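Student: This one is final26.txt, compact mmCIF, C-alpha atoms and all ligand atoms.
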# COMPACT_ATOMS: atom_id res chain seq x y z
CA MET V 1 -12.67 21.78 15.54
CA ARG V 2 -10.39 24.46 14.19
CA LYS V 3 -7.80 23.79 11.57
CA THR V 4 -4.26 23.31 12.86
CA ASP V 5 -2.34 26.56 12.94
CA ALA V 6 0.22 26.34 10.15
CA GLN V 7 2.59 28.59 12.10
CA ASN V 8 3.05 25.94 14.78
CA ARG V 9 4.25 23.44 12.25
CA PRO V 10 7.89 22.70 11.51
CA LYS V 11 9.68 24.63 8.83
CA GLN V 12 9.86 22.98 5.47
CA THR V 13 13.27 21.54 4.71
CA THR V 14 14.59 23.26 1.63
CA THR V 15 17.12 21.44 -0.48
CA VAL V 16 17.54 21.29 -4.22
CA ALA V 17 17.81 17.51 -3.97
CA MET V 18 14.29 17.22 -2.63
CA VAL V 19 11.59 16.48 -5.17
CA ALA V 20 8.70 14.95 -3.28
CA GLU V 21 5.77 13.49 -5.16
CA PRO V 22 2.69 15.69 -4.84
CA ARG V 23 0.04 14.21 -2.55
CA PRO V 24 -3.16 16.19 -2.94
CA TRP V 25 -4.83 14.40 -0.02
CA SER V 26 -2.23 15.30 2.63
CA ASP V 27 0.41 17.93 3.37
CA ALA V 28 2.20 15.57 5.74
CA SER V 29 1.42 12.14 7.13
CA LEU V 30 2.33 9.81 9.96
CA ALA V 31 2.99 6.33 8.58
CA LEU V 32 3.13 2.97 10.36
CA MET V 33 5.12 0.29 8.59
CA PRO V 34 6.28 -3.25 9.25
CA VAL V 35 10.04 -3.39 9.78
CA GLN V 36 10.45 -6.58 7.74
CA THR V 37 9.16 -7.38 4.27
CA CYS V 38 5.55 -8.30 4.69
CA GLU V 39 3.30 -10.94 3.10
CA LEU V 40 0.08 -9.58 4.57
CA ASP V 41 -2.62 -8.50 2.13
CA LEU V 42 -4.61 -5.31 2.41
CA ASP V 43 -7.87 -6.99 3.42
CA GLU V 44 -6.12 -8.62 6.39
CA LEU V 45 -4.49 -5.34 7.37
CA ALA V 46 -7.85 -3.55 7.05
CA ARG V 47 -9.46 -6.15 9.34
CA HIS V 48 -6.79 -5.67 12.01
CA CYS V 49 -7.15 -1.87 11.84
CA THR V 50 -10.93 -2.14 12.21
CA GLN V 51 -10.72 -4.56 15.11
CA LEU V 52 -8.24 -2.28 16.90
CA GLY V 53 -10.63 0.66 16.46
CA LEU V 54 -7.96 2.56 14.54
CA THR V 55 -10.13 2.81 11.43
CA GLY V 56 -13.86 3.49 11.20
CA ASP V 57 -16.05 3.75 8.13
CA CYS V 58 -14.68 3.07 4.68
CA ILE V 59 -14.53 6.32 2.70
CA ASP V 60 -13.25 4.87 -0.57
CA ARG V 61 -12.94 1.11 -1.01
CA ARG V 62 -10.85 1.26 -4.18
CA GLN V 63 -8.29 3.60 -2.61
CA HIS V 64 -8.48 1.86 0.80
CA ARG V 65 -9.38 5.07 2.63
CA TYR V 66 -11.05 5.00 6.03
CA SER V 67 -12.22 7.52 8.56
CA THR V 68 -10.56 7.40 11.96
CA GLY V 69 -12.06 4.78 14.28
CA SER V 70 -13.66 4.95 17.73
CA ARG V 71 -10.35 4.19 19.48
CA PHE V 72 -8.13 6.31 17.24
CA LEU V 73 -7.33 8.91 19.91
CA GLU V 74 -6.37 6.16 22.39
CA GLN V 75 -3.80 4.85 19.93
CA ILE V 76 -2.39 8.03 18.46
CA ASN V 77 -1.03 10.43 21.03
CA PHE V 78 -1.32 14.07 19.96
CA LEU V 79 1.37 16.17 21.56
CA GLY V 80 0.58 19.60 22.95
CA CYS V 81 -2.49 20.49 24.95
CA SER V 82 -5.07 21.13 22.23
CA PRO V 83 -4.58 19.46 18.89
CA ASN V 84 -6.71 21.22 16.28
CA ILE V 85 -7.17 18.32 13.96
CA ARG V 86 -10.02 17.91 11.48
CA PHE V 87 -11.51 14.43 11.26
CA ASP V 88 -13.88 15.21 8.41
CA SER V 89 -14.19 17.72 5.61
CA GLU V 90 -16.80 20.42 5.18
CA GLN V 91 -15.83 20.94 1.53
CA ALA V 92 -14.96 18.28 -0.99
CA ASP V 93 -11.38 19.43 -1.54
CA GLU V 94 -10.56 20.02 2.12
CA LYS V 95 -7.78 17.96 3.67
CA PHE V 96 -8.54 16.15 6.90
CA THR V 97 -7.08 13.43 9.07
CA HIS V 98 -8.06 9.97 7.85
CA ILE V 99 -6.36 6.65 7.16
CA ILE V 100 -5.14 5.15 3.89
CA LEU V 101 -3.81 1.60 3.66
CA HIS V 102 -1.04 1.02 1.11
CA ARG V 103 0.41 -2.14 -0.38
CA TYR V 104 2.97 -2.30 -3.22
CA PRO V 105 4.51 -5.31 -4.98
CA THR V 106 8.01 -4.07 -4.16
CA PRO V 107 9.14 -1.78 -1.35
CA ARG V 108 9.73 1.86 -2.26
CA LEU V 109 10.87 5.03 -0.61
CA PHE V 110 8.19 7.34 0.81
CA SER V 111 9.40 10.85 1.41
CA GLY V 112 7.91 14.29 1.76
CA ARG V 113 8.65 17.93 2.26
CA TYR V 114 10.15 17.33 5.72
CA THR V 115 12.50 14.53 4.68
CA ARG V 116 16.07 15.12 5.86
CA ALA V 117 19.42 13.73 4.74
CA PRO V 118 19.76 9.96 5.26
CA HIS V 119 22.45 8.56 7.54
CA CYS V 120 24.88 5.85 6.43
CA PRO V 121 24.36 2.61 8.42
CA GLU V 122 28.14 1.92 8.38
CA CYS V 123 29.58 5.21 9.67
CA GLY V 124 26.42 6.90 10.95
CA LYS V 125 27.11 10.15 9.11
CA ALA V 126 24.54 12.11 7.13
CA GLU V 127 24.98 12.01 3.36
CA LYS V 128 25.54 15.66 2.47
CA ASN V 129 24.95 15.81 -1.27
CA TRP V 130 22.10 13.33 -1.43
CA ARG V 131 19.58 13.20 -4.20
CA LEU V 132 16.21 11.68 -3.48
CA ASP V 133 16.15 10.18 -6.94
CA ASP V 134 19.31 8.14 -6.22
CA PHE V 135 17.79 6.69 -3.07
CA SER V 136 14.50 5.95 -4.85
CA HIS V 137 16.00 4.23 -7.88
CA LYS V 138 19.48 2.89 -7.10
CA ARG V 139 20.11 -0.36 -5.25
CA THR V 140 23.34 0.85 -3.68
CA ILE V 141 25.01 4.15 -2.79
CA ASN V 142 28.70 4.79 -2.13
CA CYS V 143 28.92 6.65 1.17
CA SER V 144 30.82 9.91 0.66
CA HIS V 145 32.30 9.64 4.17
CA CYS V 146 33.37 6.02 4.72
CA LYS V 147 33.27 4.95 1.03
CA HIS V 148 31.32 1.77 1.82
CA THR V 149 28.91 0.55 -0.84
CA VAL V 150 25.61 0.42 1.04
CA ASP V 151 22.19 -0.91 0.01
CA THR V 152 19.93 2.14 -0.24
CA ASP V 153 17.20 0.46 1.83
CA ARG V 154 19.63 0.26 4.80
CA TYR V 155 20.04 4.04 5.10
CA ASN V 156 18.58 5.58 8.23
CA TRP V 157 16.15 8.43 7.52
CA ARG V 158 15.56 9.05 11.22
CA ARG V 159 11.83 8.74 10.67
CA THR V 160 11.70 11.52 8.05
CA ALA V 161 11.11 8.98 5.28
CA GLY V 162 10.46 5.25 5.06
CA PHE V 163 11.32 2.36 2.77
CA THR V 164 8.43 -0.08 2.71
CA GLY V 165 5.92 -2.02 0.63
CA MET V 166 3.11 -1.73 3.19
CA MET V 167 1.94 1.24 5.19
CA ILE V 168 -0.86 2.61 7.32
CA GLU V 169 -0.89 6.29 6.38
CA ILE V 170 -2.54 8.74 8.76
CA THR V 171 -2.99 11.96 6.81
CA GLU V 172 -2.60 15.59 7.87
CA ILE V 173 -0.24 14.88 10.75
CA PHE V 174 2.98 16.86 10.75
CA PRO V 175 6.31 15.57 12.09
CA LYS V 176 6.23 15.17 15.87
CA GLU V 177 2.63 16.46 16.05
CA ALA V 178 1.47 13.01 17.13
CA LEU V 179 3.08 9.69 18.07
CA PRO V 180 1.69 6.15 17.83
CA GLN V 181 1.19 4.72 21.32
CA PRO V 182 3.56 1.79 22.04
CA THR V 183 0.48 -0.40 22.61
CA LEU V 184 -0.64 0.20 19.01
CA LEU V 185 2.71 -0.96 17.63
CA GLU V 186 2.62 -3.96 20.02
CA ASN V 187 -0.93 -4.85 18.97
CA LEU V 188 0.01 -4.68 15.30
CA GLN V 189 3.05 -6.86 16.01
CA GLN V 190 0.94 -9.47 17.84
CA ARG V 191 -1.63 -9.60 15.05
CA THR V 192 0.78 -9.64 12.11
CA ALA V 193 3.76 -11.46 13.70
CA MET V 194 5.97 -8.58 12.52
CA GLU V 195 7.59 -5.66 14.28
CA TRP V 196 6.15 -2.22 13.36
CA ASP V 197 7.77 1.20 13.31
CA TYR V 198 6.70 4.65 12.16
CA PHE V 199 7.90 7.67 10.21
CA TYR V 200 6.61 10.99 8.89
CA PHE V 201 6.52 11.92 5.24
ZN ZN B 1 29.38 5.80 5.65
Now that the file is in, can you turn its structure into structure tokens?
Ligand SMILES: [Zn+2]

Tutor:
Amino acid sequence: MRKTDAQNRPKQTTTVAMVAEPRPWSDASLALMPVQTCELDLDELARHCTQLGLTGDCIDRRQHRYSTGSRFLEQINFLGCSPNIRFDSEQADEKFTHIILHRYPTPRLFSGRYTRAPHCPECGKAEKNWRLDDFSHKRTINCSHCKHTVDTDRYNWRRTAGFTGMMIEITEIFPKEALPQPTLLENLQQRTAMEWDYFYF
């Protein structure tokens, strides 16, 4: 399969406030995350992903990396008529679509080059002069519009970032290039007794 044409991908959001952590394994990812704080461990999550056919072979056990599974394309809906996605690499340093499971002791903000301004949960307005660092490290933010003091983890990133301690990362998928099928989110919910959502970062 050919590599995805970079010209079809969304323009990078440029803002001086944006300092995304470099991720050498992916230019952009689709991430599935539980909506609530989650007690699940990574082995359990890995088992569910395998049983759903989302993940296939383990690529790196220490980093919890997996190739895409036999039912991956039934569960992730690629938009557009011919997605040119690579599912393996011909060279060692080549990026390709695979799955990484993440678990952190405390939730943190995951953002990337396409992250946009977060919206205040009280007034719904976008924070104009936002700094990623503030949202990553402060517990609360004073909304510049409605002046409410708001917990940073309540801000709405409109799926351009996510605040979570657990995540199924699907690499090399750009915003709106692919969507998780509702049945995948429902299956994860049934298996983990938690609601799941998604974002791009
Ligand atoms: Zn507000």

Student: Using only C-alpha atoms for the distances, tell me which of V:Leu184, V:His145, V:Thr160, V:Ala31 is nearest to Arg71 in chain V.

Tutor: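 Smallest separation from Arg71 in chain V among the options: V:Leu184.
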
Student: Could you tell me how far CA of Val35 in chain V lies from CA of Tyr198 in chain V, in Å and to one decimal?

Tutor: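 Going from CA of Val35 in chain V over to CA of Tyr198 in chain V, I get 9.0 Å.
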
Student: When you draw a straight line from CA of Ile99 in chain V to CA of Tyr66 in chain V, how long is it in Å?

Tutor: 5.1 Å

Student: Using only C-alpha atoms for the distances, tell me which of V:Met167, V:Leu179, V:Ala28, V:Met194 is nearest to His102 in chain V.

Tutor: V:Met167

Student: Any residue with an atom at most 12 Å from ligand ZN 1 (chain B) counts, using all atoms listed in the file. Which are they? Put them as number ranges by chain.

Tutor: V: 118-128, 141-152, 154-156

Student: Once 6 Å is added on each side, what are the centre and the three edge lengths, in Å to one decimal, of the axis-aligned box enclosing the listed atoms of range 140-149 of chain V? Present them as lines of an AutoDock Vina configuration file.

Tutor:
center_x = 28.4
center_y = 5.2
center_z = 0.5
size_x = 22.0
size_y = 21.4
size_z = 20.4

Student: Which value, in Å to one decimal, gives the distance between CA of Thr192 in chain V and CA of Arg62 in chain V?

Tutor: 22.8 Å

Student: Considering only C-alpha atoms, state which residue in the set V:Ile173, V:Leu188, V:Leu132, V:Ala46 is at the smallest distance from Thr97 in chain V.

Tutor: V:Ile173

Student: Nearest to Leu109 in chain V among V:Asp88, V:Asp93, V:Asp133, V:Asp197, with distances taken over all atoms listed in the file: which residue is it?

Tutor: V:Asp133
